$ cat work.cif   # mmCIF, C-alpha atoms
data_run
loop_
_atom_site.group_PDB
_atom_site.id
_atom_site.type_symbol
_atom_site.label_atom_id
_atom_site.label_comp_id
_atom_site.auth_asym_id
_atom_site.auth_seq_id
_atom_site.Cartn_x
_atom_site.Cartn_y
_atom_site.Cartn_z
ATOM 1 C CA MET B 1 169.139 124.480 36.886
ATOM 2 C CA THR B 2 170.950 124.214 40.210
ATOM 3 C CA ILE B 3 173.871 125.767 42.045
ATOM 4 C CA SER B 4 175.381 123.776 44.894
ATOM 5 C CA LEU B 5 177.984 125.228 47.240
ATOM 6 C CA ARG B 6 179.681 122.918 49.725
ATOM 7 C CA ASP B 7 182.090 124.055 52.447
ATOM 8 C CA ILE B 8 183.249 127.056 50.431
ATOM 9 C CA GLN B 9 186.108 129.128 51.810
ATOM 10 C CA PHE B 10 187.321 132.264 50.094
ATOM 11 C CA LYS B 11 190.090 134.613 51.187
ATOM 12 C CA PHE B 12 190.921 138.065 49.882
ATOM 13 C CA GLY B 13 194.093 139.844 50.902
ATOM 14 C CA GLY B 14 194.680 137.258 53.594
ATOM 15 C CA LYS B 15 191.239 137.879 55.118
ATOM 16 C CA VAL B 16 188.610 135.122 55.200
ATOM 17 C CA VAL B 17 185.473 136.444 53.472
ATOM 18 C CA LEU B 18 183.473 133.197 53.183
ATOM 19 C CA GLU B 19 184.032 130.211 55.465
ATOM 20 C CA ARG B 20 182.472 126.742 55.279
ATOM 21 C CA LEU B 21 179.589 128.214 53.314
ATOM 22 C CA SER B 22 177.122 125.663 51.972
ATOM 23 C CA TYR B 23 173.853 126.209 50.117
ATOM 24 C CA HIS B 24 171.785 124.655 47.329
ATOM 25 C CA PHE B 25 169.952 126.990 44.927
ATOM 26 C CA THR B 26 167.178 125.734 42.639
ATOM 27 C CA GLU B 27 164.498 127.563 40.629
ATOM 28 C CA GLY B 28 162.958 130.611 42.270
ATOM 29 C CA ILE B 29 163.915 133.982 43.696
ATOM 30 C CA TYR B 30 166.527 134.331 46.444
ATOM 31 C CA LEU B 31 167.071 137.649 48.227
ATOM 32 C CA ILE B 32 170.386 137.936 50.083
ATOM 33 C CA SER B 33 170.869 140.682 52.664
ATOM 34 C CA GLY B 34 173.868 141.466 54.830
ATOM 35 C CA GLU B 35 176.026 144.297 56.024
ATOM 36 C CA SER B 36 178.375 146.102 53.668
ATOM 37 C CA GLY B 37 181.537 144.046 53.322
ATOM 38 C CA SER B 38 179.859 140.817 54.422
ATOM 39 C CA GLY B 39 180.707 139.113 51.126
ATOM 40 C CA LYS B 40 177.504 139.365 49.088
ATOM 41 C CA THR B 41 179.225 140.587 45.925
ATOM 42 C CA THR B 42 182.033 138.076 46.447
ATOM 43 C CA LEU B 43 179.451 135.284 46.582
ATOM 44 C CA LEU B 44 177.877 136.391 43.291
ATOM 45 C CA ASN B 45 181.323 136.688 41.688
ATOM 46 C CA LEU B 46 182.062 133.150 42.861
ATOM 47 C CA ILE B 47 178.825 131.778 41.415
ATOM 48 C CA LYS B 48 179.486 133.507 38.092
ATOM 49 C CA GLY B 49 183.052 132.183 38.007
ATOM 50 C CA PHE B 50 184.852 135.521 38.205
ATOM 51 C CA VAL B 51 186.706 134.292 41.305
ATOM 52 C CA HIS B 52 187.417 130.808 42.633
ATOM 53 C CA ALA B 53 187.123 129.364 46.121
ATOM 54 C CA ASP B 54 190.270 128.462 48.030
ATOM 55 C CA THR B 55 188.623 125.292 49.305
ATOM 56 C CA GLY B 56 185.245 123.598 48.914
ATOM 57 C CA GLU B 57 183.181 122.487 45.946
ATOM 58 C CA MET B 58 180.697 124.195 43.658
ATOM 59 C CA GLU B 59 178.474 122.644 41.002
ATOM 60 C CA ARG B 60 176.562 124.716 38.431
ATOM 61 C CA THR B 61 174.104 123.748 35.733
ATOM 62 C CA GLY B 62 172.733 126.167 33.169
ATOM 63 C CA SER B 63 173.914 129.501 31.799
ATOM 64 C CA ILE B 64 174.362 132.587 33.994
ATOM 65 C CA SER B 65 173.704 136.294 33.417
ATOM 66 C CA TYR B 66 175.088 138.814 35.894
ATOM 67 C CA MET B 67 174.099 142.423 36.530
ATOM 68 C CA MET B 68 176.957 143.886 38.532
ATOM 69 C CA GLN B 69 176.962 147.052 40.622
ATOM 70 C CA GLU B 70 179.123 148.783 38.006
ATOM 71 C CA THR B 71 177.132 149.682 34.906
ATOM 72 C CA MET B 72 177.884 147.796 31.703
ATOM 73 C CA LEU B 73 175.847 150.165 29.519
ATOM 74 C CA PHE B 74 177.296 152.116 26.599
ATOM 75 C CA SER B 75 176.957 155.665 27.917
ATOM 76 C CA ASN B 76 177.472 157.300 24.496
ATOM 77 C CA LEU B 77 174.594 155.336 22.929
ATOM 78 C CA THR B 78 170.855 155.842 23.349
ATOM 79 C CA VAL B 79 168.546 153.626 25.363
ATOM 80 C CA LEU B 80 167.198 152.071 22.144
ATOM 81 C CA GLU B 81 170.692 151.493 20.752
ATOM 82 C CA ASN B 82 171.819 149.734 23.932
ATOM 83 C CA TYR B 83 168.737 147.520 23.911
ATOM 84 C CA SER B 84 168.841 146.705 20.191
ATOM 85 C CA LEU B 85 172.518 145.700 20.389
ATOM 86 C CA LYS B 86 171.804 143.262 23.203
ATOM 87 C CA TYR B 87 168.535 141.985 21.748
ATOM 88 C CA ALA B 88 170.128 141.268 18.356
ATOM 89 C CA LEU B 89 172.489 138.793 20.022
ATOM 90 C CA TYR B 90 169.615 136.485 20.934
ATOM 91 C CA HIS B 91 166.699 137.256 18.600
ATOM 92 C CA GLU B 92 166.038 137.908 14.928
ATOM 93 C CA MET B 93 164.125 141.172 14.926
ATOM 94 C CA ASN B 94 164.310 144.395 12.910
ATOM 95 C CA LEU B 95 164.767 147.779 14.560
ATOM 96 C CA GLU B 96 161.089 148.721 14.506
ATOM 97 C CA GLU B 97 160.088 145.437 16.120
ATOM 98 C CA CYS B 98 162.834 145.885 18.688
ATOM 99 C CA LYS B 99 161.628 149.419 19.413
ATOM 100 C CA ALA B 100 158.067 148.197 19.953
ATOM 101 C CA MET B 101 159.301 145.473 22.296
ATOM 102 C CA LEU B 102 161.428 147.928 24.270
ATOM 103 C CA LEU B 103 158.563 150.407 24.681
ATOM 104 C CA GLN B 104 156.420 147.612 26.085
ATOM 105 C CA GLU B 105 159.148 146.543 28.519
ATOM 106 C CA MET B 106 159.858 150.145 29.567
ATOM 107 C CA LYS B 107 156.215 150.587 30.492
ATOM 108 C CA LEU B 108 156.263 147.435 32.614
ATOM 109 C CA ILE B 109 159.319 148.519 34.596
ATOM 110 C CA GLY B 110 158.322 152.170 34.912
ATOM 111 C CA LEU B 111 160.602 153.948 32.453
ATOM 112 C CA PRO B 112 159.000 156.860 30.534
ATOM 113 C CA GLU B 113 158.854 156.571 26.743
ATOM 114 C CA ASP B 114 160.735 159.818 26.177
ATOM 115 C CA LEU B 115 163.927 158.137 27.403
ATOM 116 C CA LEU B 116 163.967 155.937 24.307
ATOM 117 C CA THR B 117 166.174 158.215 22.216
ATOM 118 C CA MET B 118 168.154 159.727 25.080
ATOM 119 C CA LYS B 119 171.796 158.843 25.617
ATOM 120 C CA VAL B 120 172.466 156.630 28.616
ATOM 121 C CA SER B 121 174.868 159.247 29.990
ATOM 122 C CA SER B 122 171.879 161.518 30.669
ATOM 123 C CA LEU B 123 169.915 158.920 32.683
ATOM 124 C CA SER B 124 169.716 158.880 36.463
ATOM 125 C CA GLY B 125 171.341 156.062 38.411
ATOM 126 C CA GLY B 126 167.975 154.428 39.045
ATOM 127 C CA GLN B 127 166.964 154.627 35.390
ATOM 128 C CA LYS B 128 170.215 152.940 34.408
ATOM 129 C CA ARG B 129 169.521 150.072 36.840
ATOM 130 C CA LYS B 130 166.089 149.552 35.312
ATOM 131 C CA LEU B 131 167.526 149.548 31.796
ATOM 132 C CA GLU B 132 170.166 147.006 32.794
ATOM 133 C CA VAL B 133 167.447 144.674 34.071
ATOM 134 C CA LEU B 134 165.685 145.005 30.710
ATOM 135 C CA LEU B 135 168.931 144.071 28.949
ATOM 136 C CA ILE B 136 169.337 141.010 31.181
ATOM 137 C CA SER B 137 165.815 139.935 30.190
ATOM 138 C CA CYS B 138 166.889 139.829 26.521
ATOM 139 C CA ASP B 139 168.862 136.619 26.887
ATOM 140 C CA SER B 140 167.759 133.133 27.863
ATOM 141 C CA SER B 141 170.091 132.381 30.756
ATOM 142 C CA ASP B 142 168.914 129.913 33.380
ATOM 143 C CA VAL B 143 170.455 131.797 36.310
ATOM 144 C CA ILE B 144 170.136 135.558 36.898
ATOM 145 C CA LEU B 145 172.480 137.297 39.354
ATOM 146 C CA LEU B 146 171.507 140.839 40.378
ATOM 147 C CA ASP B 147 173.909 142.811 42.581
ATOM 148 C CA GLU B 148 172.117 145.748 44.250
ATOM 149 C CA PRO B 149 169.512 146.102 41.467
ATOM 150 C CA VAL B 150 167.391 148.658 43.356
ATOM 151 C CA ALA B 151 170.233 150.997 44.303
ATOM 152 C CA ASN B 152 169.236 154.643 43.754
ATOM 153 C CA LEU B 153 165.547 153.748 43.370
ATOM 154 C CA ASP B 154 162.639 155.220 45.352
ATOM 155 C CA LYS B 155 159.941 153.035 46.927
ATOM 156 C CA VAL B 156 157.657 153.151 43.883
ATOM 157 C CA SER B 157 160.495 152.195 41.531
ATOM 158 C CA ILE B 158 161.633 149.413 43.864
ATOM 159 C CA GLN B 159 158.139 147.922 43.710
ATOM 160 C CA GLN B 160 158.085 148.251 39.903
ATOM 161 C CA MET B 161 161.407 146.423 39.756
ATOM 162 C CA ALA B 162 160.175 143.679 42.098
ATOM 163 C CA THR B 163 157.016 143.162 40.041
ATOM 164 C CA TYR B 164 159.015 142.984 36.812
ATOM 165 C CA ILE B 165 161.469 140.439 38.248
ATOM 166 C CA GLU B 166 158.661 138.307 39.634
ATOM 167 C CA ASN B 167 156.578 138.339 36.452
ATOM 168 C CA HIS B 168 159.509 137.559 34.144
ATOM 169 C CA TRP B 169 161.676 135.091 36.038
ATOM 170 C CA SER B 170 160.138 133.559 39.166
ATOM 171 C CA ASP B 171 158.774 130.357 37.593
ATOM 172 C CA GLU B 172 161.500 129.146 35.267
ATOM 173 C CA LYS B 173 164.803 130.599 36.455
ATOM 174 C CA THR B 174 167.054 130.871 39.461
ATOM 175 C CA VAL B 175 167.252 134.539 40.455
ATOM 176 C CA ILE B 176 169.772 135.484 43.142
ATOM 177 C CA ILE B 177 169.604 139.085 44.352
ATOM 178 C CA SER B 178 171.901 140.869 46.777
ATOM 179 C CA SER B 179 170.466 144.043 48.268
ATOM 180 C CA HIS B 180 170.859 146.442 51.162
ATOM 181 C CA SER B 181 167.330 147.694 50.518
ATOM 182 C CA GLU B 182 164.120 145.930 51.453
ATOM 183 C CA ILE B 183 162.393 144.432 48.404
ATOM 184 C CA VAL B 184 158.829 143.184 48.776
ATOM 185 C CA PHE B 185 157.660 140.406 46.463
ATOM 186 C CA LYS B 186 154.073 139.173 46.262
ATOM 187 C CA GLY B 187 154.998 135.529 45.797
ATOM 188 C CA GLN B 188 157.301 133.116 47.571
ATOM 189 C CA VAL B 189 160.888 134.287 47.984
ATOM 190 C CA GLN B 190 163.762 132.645 49.824
ATOM 191 C CA ARG B 191 165.191 135.323 52.120
ATOM 192 C CA LEU B 192 168.791 134.714 53.143
ATOM 193 C CA VAL B 193 171.330 136.559 55.278
ATOM 194 C CA LEU B 194 175.085 136.500 54.761
ATOM 195 C CA GLU B 195 176.720 137.024 58.144
ATOM 196 C CA GLU B 196 179.685 135.607 60.007
ATOM 197 C CA LYS B 197 180.966 134.410 56.616
ATOM 198 C CA LYS B 198 178.039 131.996 56.151
ATOM 199 C CA LEU B 199 174.668 131.986 54.401
ATOM 200 C CA ARG B 200 171.546 131.222 56.434
ATOM 201 C CA SER B 201 167.792 131.594 56.132
ATOM 202 C CA ALA B 202 166.415 134.908 57.395
ATOM 203 C CA HIS B 203 163.824 134.733 60.160
#
$ encode --input "work.cif" --output "structure tokens"
Amino acid sequence: MTISLRDIQFKFGGKVVLERLSYHFTEGIYLISGESGSGKTTLLNLIKGFVHADTGEMERTGSISYMMQETMLFSNLTVLENYSLKYALYHEMNLEECKAMLLQEMKLIGLPEDLLTMKVSSLSGGQKRKLEVLLISCDSSDVILLDEPVANLDKVSIQQMATYIENHWSDEKTVIISSHSEIVFKGQVQRLVLEEKKLRSAH
């Protein structure tokens, strides 16, 4: 799976957000930093296809899953109900099997078991982000886009999230993460900075 951006320019409200941006993504984890308003979310929206460049070319291969900053969870349903609805779209599994799978995944990402039957509306912001990552892991997309996945998380939870991402996706998928927060991965990660409307390697 690859994503190739060539000389991308994108304007919003008459303002140039991305200009002559070029980059080639392959398998692996990419961590994009940059100041607020630098265009990180716009870049992910462009890759997903939610918006289109004014000029330039983009080529994509493979399916894409996107965890946006705004939650897509059903707040009136429980954690298990949210997970089972998503899991049923991609796998044949009864509720008990789904529950067992979810409990295993919750342990790996640092969510306590007693959240299983709680409504999403009662979760903290950080707990919701962790649950959304678990939902993303249900499908078999080739490309994973994560916009501020560690927002509202403490240092321990950030490390749990990083470990989960690395163990589940680093070898076979393209994972593109935008984040204001520092995320430490044990393995190789491509660190990028979006500044002056372009994407470059971080030093």
$ residues_near_point --input "work.cif" --point "(154.8, 136.1, 44.9)" --cutoff "12 Å" --atoms "only C-alpha atoms" --output "ChimeraX atom specification"
/B:28-30,162-171,183-190
$ write_last_selection --input "work.cif" --atoms "C-alpha atoms" --output "PDB file, in the frame of the given file"
ATOM      1  CA  GLY B  28     162.958 130.611  42.270  1.00  0.00           C
ATOM      2  CA  ILE B  29     163.915 133.982  43.696  1.00  0.00           C
ATOM      3  CA  TYR B  30     166.527 134.331  46.444  1.00  0.00           C
ATOM      4  CA  ALA B 162     160.175 143.679  42.098  1.00  0.00           C
ATOM      5  CA  THR B 163     157.016 143.162  40.041  1.00  0.00           C
ATOM      6  CA  TYR B 164     159.015 142.984  36.812  1.00  0.00           C
ATOM      7  CA  ILE B 165     161.469 140.439  38.248  1.00  0.00           C
ATOM      8  CA  GLU B 166     158.661 138.307  39.634  1.00  0.00           C
ATOM      9  CA  ASN B 167     156.578 138.339  36.452  1.00  0.00           C
ATOM     10  CA  HIS B 168     159.509 137.559  34.144  1.00  0.00           C
ATOM     11  CA  TRP B 169     161.676 135.091  36.038  1.00  0.00           C
ATOM     12  CA  SER B 170     160.138 133.559  39.166  1.00  0.00           C
ATOM     13  CA  ASP B 171     158.774 130.357  37.593  1.00  0.00           C
ATOM     14  CA  ILE B 183     162.393 144.432  48.404  1.00  0.00           C
ATOM     15  CA  VAL B 184     158.829 143.184  48.776  1.00  0.00           C
ATOM     16  CA  PHE B 185     157.660 140.406  46.463  1.00  0.00           C
ATOM     17  CA  LYS B 186     154.073 139.173  46.262  1.00  0.00           C
ATOM     18  CA  GLY B 187     154.998 135.529  45.797  1.00  0.00           C
ATOM     19  CA  GLN B 188     157.301 133.116  47.571  1.00  0.00           C
ATOM     20  CA  VAL B 189     160.888 134.287  47.984  1.00  0.00           C
ATOM     21  CA  GLN B 190     163.762 132.645  49.824  1.00  0.00           C
TER      22      GLN B 190
END
$ residues_around --input "work.cif" --residues "range 99-114 of chain B" --least-positions-apart "5" --cutoff "7 Å" --atoms "all atoms listed in the file" --output "list in words"
Leu80, Lys130, Ser157, Gln160, Met161 and Tyr164 of chain B
$ closest_residue --input "work.cif" --among "B:Val79, B:Met1, B:Leu46, B:Leu131" --to "His24 in chain B" --atoms "only C-alpha atoms"
B:Met1
$ resolve_selection --input "work.cif" --expression "the PyMOL selection byres ((chain B and resi 5) around 7)" --output "VMD selection string"
chain B and resid 3 to 4 6 to 8 21 to 24 57 to 59
$ write_last_selection --input "work.cif" --atoms "C-alpha atoms" --output "short mmCIF file (atom, residue, chain, number, x, y, z; two decimals), in the frame of the given file"
data_model
loop_
_atom_site.label_atom_id
_atom_site.label_comp_id
_atom_site.auth_asym_id
_atom_site.auth_seq_id
_atom_site.Cartn_x
_atom_site.Cartn_y
_atom_site.Cartn_z
CA ILE B 3 173.87 125.77 42.04
CA SER B 4 175.38 123.78 44.89
CA ARG B 6 179.68 122.92 49.72
CA ASP B 7 182.09 124.06 52.45
CA ILE B 8 183.25 127.06 50.43
CA LEU B 21 179.59 128.21 53.31
CA SER B 22 177.12 125.66 51.97
CA TYR B 23 173.85 126.21 50.12
CA HIS B 24 171.78 124.66 47.33
CA GLU B 57 183.18 122.49 45.95
CA MET B 58 180.70 124.20 43.66
CA GLU B 59 178.47 122.64 41.00
#
$ residues_around --input "work.cif" --residues "Lys128 in chain B" --least-positions-apart "5" --cutoff "8 Å" --atoms "only C-alpha atoms" --output "PyMOL selection string"
chain B and resi 71+73+120+123
$ residues_around --input "work.cif" --residues "Glu19 in chain B" --least-positions-apart "5" --cutoff "12 Å" --atoms "all atoms listed in the file" --output "ChimeraX atom specification"
/B:5-12,38-39,43,53-56,194-199
$ closest_residue --input "work.cif" --among "B:Glu96, B:Asp142, B:Glu132, B:Glu182" --to "Gln69 in chain B" --atoms "all atoms listed in the file"
B:Glu132
$ closest_residue --input "work.cif" --among "B:Ala88, B:Leu77, B:Leu153, B:Val175" --to "Ile47 in chain B" --atoms "all atoms listed in the file"
B:Val175
$ closest_residue --input "work.cif" --among "B:Met72, B:Val193, B:Leu44, B:Ala202" --to "Arg129 in chain B" --atoms "only C-alpha atoms"
B:Met72
$ atom_distance --input "work.cif" --atom1 "CA of Thr42 in chain B" --atom2 "CA of Gly13 in chain B"
13.0 Å
$ closest_residue --input "work.cif" --among "B:Ser140, B:Asn94, B:Ser75, B:Ser63" --to "Lys119 in chain B" --atoms "only C-alpha atoms"
B:Ser75
$ atom_distance --input "work.cif" --atom1 "CA of Ser121 in chain B" --atom2 "CA of Leu135 in chain B"
16.3 Å
$ resolve_selection --input "work.cif" --expression "the PyMOL selection byres ((chain B and resi 176) around 7)" --output "number ranges by chain"
B: 29-31, 144-146, 174-175, 177-178
$ resolve_selection --input "work.cif" --expression "the PyMOL selection byres ((chain B and resi 151) around 9)" --output "ChimeraX atom specification"
/B:69,125-126,129,148-150,152-154,158,179-181
$ atom_distance --input "work.cif" --atom1 "CA of Tyr87 in chain B" --atom2 "CA of Lys173 in chain B"
19.0 Å
$ axis_aligned_box --input "work.cif" --around "range 153-168 of chain B" --padding-each-side "3 Å" --output "JSON"
{"center_x": 161.1, "center_y": 146.4, "center_z": 40.5, "size_x": 15.0, "size_y": 23.7, "size_z": 18.8}
$ build_atoms --input "work.cif" --residues "range 125-160 of chain B" --atoms "N, CA and C atoms" --output "mmCIF file, in the coordinates of the input"
data_model
loop_
_atom_site.group_PDB
_atom_site.id
_atom_site.type_symbol
_atom_site.label_atom_id
_atom_site.label_comp_id
_atom_site.auth_asym_id
_atom_site.auth_seq_id
_atom_site.Cartn_x
_atom_site.Cartn_y
_atom_site.Cartn_z
ATOM 1 N N GLY B 125 170.826 157.364 37.992
ATOM 2 C CA GLY B 125 171.341 156.062 38.411
ATOM 3 C C GLY B 125 170.259 155.005 38.469
ATOM 4 N N GLY B 126 169.079 155.376 38.969
ATOM 5 C CA GLY B 126 167.975 154.428 39.045
ATOM 6 C C GLY B 126 167.464 154.012 37.685
ATOM 7 N N GLN B 127 167.401 154.952 36.754
ATOM 8 C CA GLN B 127 166.964 154.627 35.390
ATOM 9 C C GLN B 127 167.939 153.676 34.714
ATOM 10 N N LYS B 128 169.214 153.850 34.974
ATOM 11 C CA LYS B 128 170.215 152.940 34.408
ATOM 12 C C LYS B 128 170.034 151.531 34.953
ATOM 13 N N ARG B 129 169.726 151.402 36.255
ATOM 14 C CA ARG B 129 169.521 150.072 36.840
ATOM 15 C C ARG B 129 168.323 149.384 36.185
ATOM 16 N N LYS B 130 167.263 150.133 35.960
ATOM 17 C CA LYS B 130 166.089 149.552 35.312
ATOM 18 C C LYS B 130 166.417 149.094 33.895
ATOM 19 N N LEU B 131 167.156 149.918 33.164
ATOM 20 C CA LEU B 131 167.526 149.548 31.796
ATOM 21 C C LEU B 131 168.393 148.300 31.789
ATOM 22 N N GLU B 132 169.304 148.186 32.740
ATOM 23 C CA GLU B 132 170.166 147.006 32.794
ATOM 24 C C GLU B 132 169.362 145.735 33.045
ATOM 25 N N VAL B 133 168.318 145.832 33.862
ATOM 26 C CA VAL B 133 167.447 144.674 34.071
ATOM 27 C C VAL B 133 166.742 144.300 32.772
ATOM 28 N N LEU B 134 166.311 145.291 32.007
ATOM 29 C CA LEU B 134 165.685 145.005 30.710
ATOM 30 C C LEU B 134 166.664 144.313 29.768
ATOM 31 N N LEU B 135 167.929 144.707 29.805
ATOM 32 C CA LEU B 135 168.931 144.071 28.949
ATOM 33 C C LEU B 135 169.161 142.622 29.376
ATOM 34 N N ILE B 136 169.176 142.377 30.684
ATOM 35 C CA ILE B 136 169.337 141.010 31.181
ATOM 36 C C ILE B 136 168.191 140.134 30.689
ATOM 37 N N SER B 137 166.987 140.721 30.601
ATOM 38 C CA SER B 137 165.815 139.935 30.190
ATOM 39 C C SER B 137 165.856 139.557 28.720
ATOM 40 N N CYS B 138 166.788 140.151 27.951
ATOM 41 C CA CYS B 138 166.889 139.829 26.521
ATOM 42 C C CYS B 138 167.384 138.410 26.283
ATOM 43 N N ASP B 139 168.261 137.925 27.153
ATOM 44 C CA ASP B 139 168.862 136.619 26.887
ATOM 45 C C ASP B 139 168.055 135.502 27.549
ATOM 46 N N SER B 140 168.520 134.293 27.387
ATOM 47 C CA SER B 140 167.759 133.133 27.863
ATOM 48 C C SER B 140 168.518 132.356 28.926
ATOM 49 N N SER B 141 169.308 133.053 29.720
ATOM 50 C CA SER B 141 170.091 132.381 30.756
ATOM 51 C C SER B 141 169.186 131.725 31.793
ATOM 52 N N ASP B 142 169.675 130.646 32.369
ATOM 53 C CA ASP B 142 168.914 129.913 33.380
ATOM 54 C C ASP B 142 169.038 130.540 34.758
ATOM 55 N N VAL B 143 170.178 131.195 35.002
ATOM 56 C CA VAL B 143 170.455 131.797 36.310
ATOM 57 C C VAL B 143 170.680 133.296 36.121
ATOM 58 N N ILE B 144 170.008 134.104 36.946
ATOM 59 C CA ILE B 144 170.136 135.558 36.898
ATOM 60 C C ILE B 144 170.724 136.028 38.225
ATOM 61 N N LEU B 145 171.860 136.718 38.165
ATOM 62 C CA LEU B 145 172.480 137.297 39.354
ATOM 63 C C LEU B 145 172.311 138.812 39.293
ATOM 64 N N LEU B 146 171.743 139.396 40.333
ATOM 65 C CA LEU B 146 171.507 140.839 40.378
ATOM 66 C C LEU B 146 172.156 141.412 41.635
ATOM 67 N N ASP B 147 173.191 142.219 41.451
ATOM 68 C CA ASP B 147 173.909 142.811 42.581
ATOM 69 C C ASP B 147 173.416 144.242 42.800
ATOM 70 N N GLU B 148 172.691 144.443 43.903
ATOM 71 C CA GLU B 148 172.117 145.748 44.250
ATOM 72 C C GLU B 148 171.291 146.344 43.101
ATOM 73 N N PRO B 149 170.281 145.615 42.621
ATOM 74 C CA PRO B 149 169.512 146.102 41.467
ATOM 75 C C PRO B 149 168.637 147.312 41.765
ATOM 76 N N VAL B 150 168.285 147.537 43.046
ATOM 77 C CA VAL B 150 167.391 148.658 43.356
ATOM 78 C C VAL B 150 168.144 149.837 43.965
ATOM 79 N N ALA B 151 169.462 149.845 43.837
ATOM 80 C CA ALA B 151 170.233 150.997 44.303
ATOM 81 C C ALA B 151 169.785 152.253 43.564
ATOM 82 N N ASN B 152 169.637 153.338 44.306
ATOM 83 C CA ASN B 152 169.236 154.643 43.754
ATOM 84 C C ASN B 152 167.775 154.701 43.315
ATOM 85 N N LEU B 153 166.966 153.738 43.731
ATOM 86 C CA LEU B 153 165.547 153.748 43.370
ATOM 87 C C LEU B 153 164.689 154.164 44.560
ATOM 88 N N ASP B 154 163.587 154.889 44.291
ATOM 89 C CA ASP B 154 162.639 155.220 45.352
ATOM 90 C C ASP B 154 161.702 154.032 45.577
ATOM 91 N N LYS B 155 160.796 154.160 46.549
ATOM 92 C CA LYS B 155 159.941 153.035 46.927
ATOM 93 C C LYS B 155 159.056 152.568 45.775
ATOM 94 N N VAL B 156 158.517 153.519 45.018
ATOM 95 C CA VAL B 156 157.657 153.151 43.883
ATOM 96 C C VAL B 156 158.457 152.378 42.841
ATOM 97 N N SER B 157 159.655 152.855 42.539
ATOM 98 C CA SER B 157 160.495 152.195 41.531
ATOM 99 C C SER B 157 160.975 150.829 42.005
ATOM 100 N N ILE B 158 161.237 150.716 43.314
ATOM 101 C CA ILE B 158 161.633 149.413 43.864
ATOM 102 C C ILE B 158 160.511 148.403 43.656
ATOM 103 N N GLN B 159 159.264 148.834 43.895
ATOM 104 C CA GLN B 159 158.139 147.922 43.710
ATOM 105 C C GLN B 159 157.948 147.570 42.237
ATOM 106 N N GLN B 160 158.162 148.532 41.341
ATOM 107 C CA GLN B 160 158.085 148.251 39.903
ATOM 108 C C GLN B 160 159.136 147.222 39.505
#
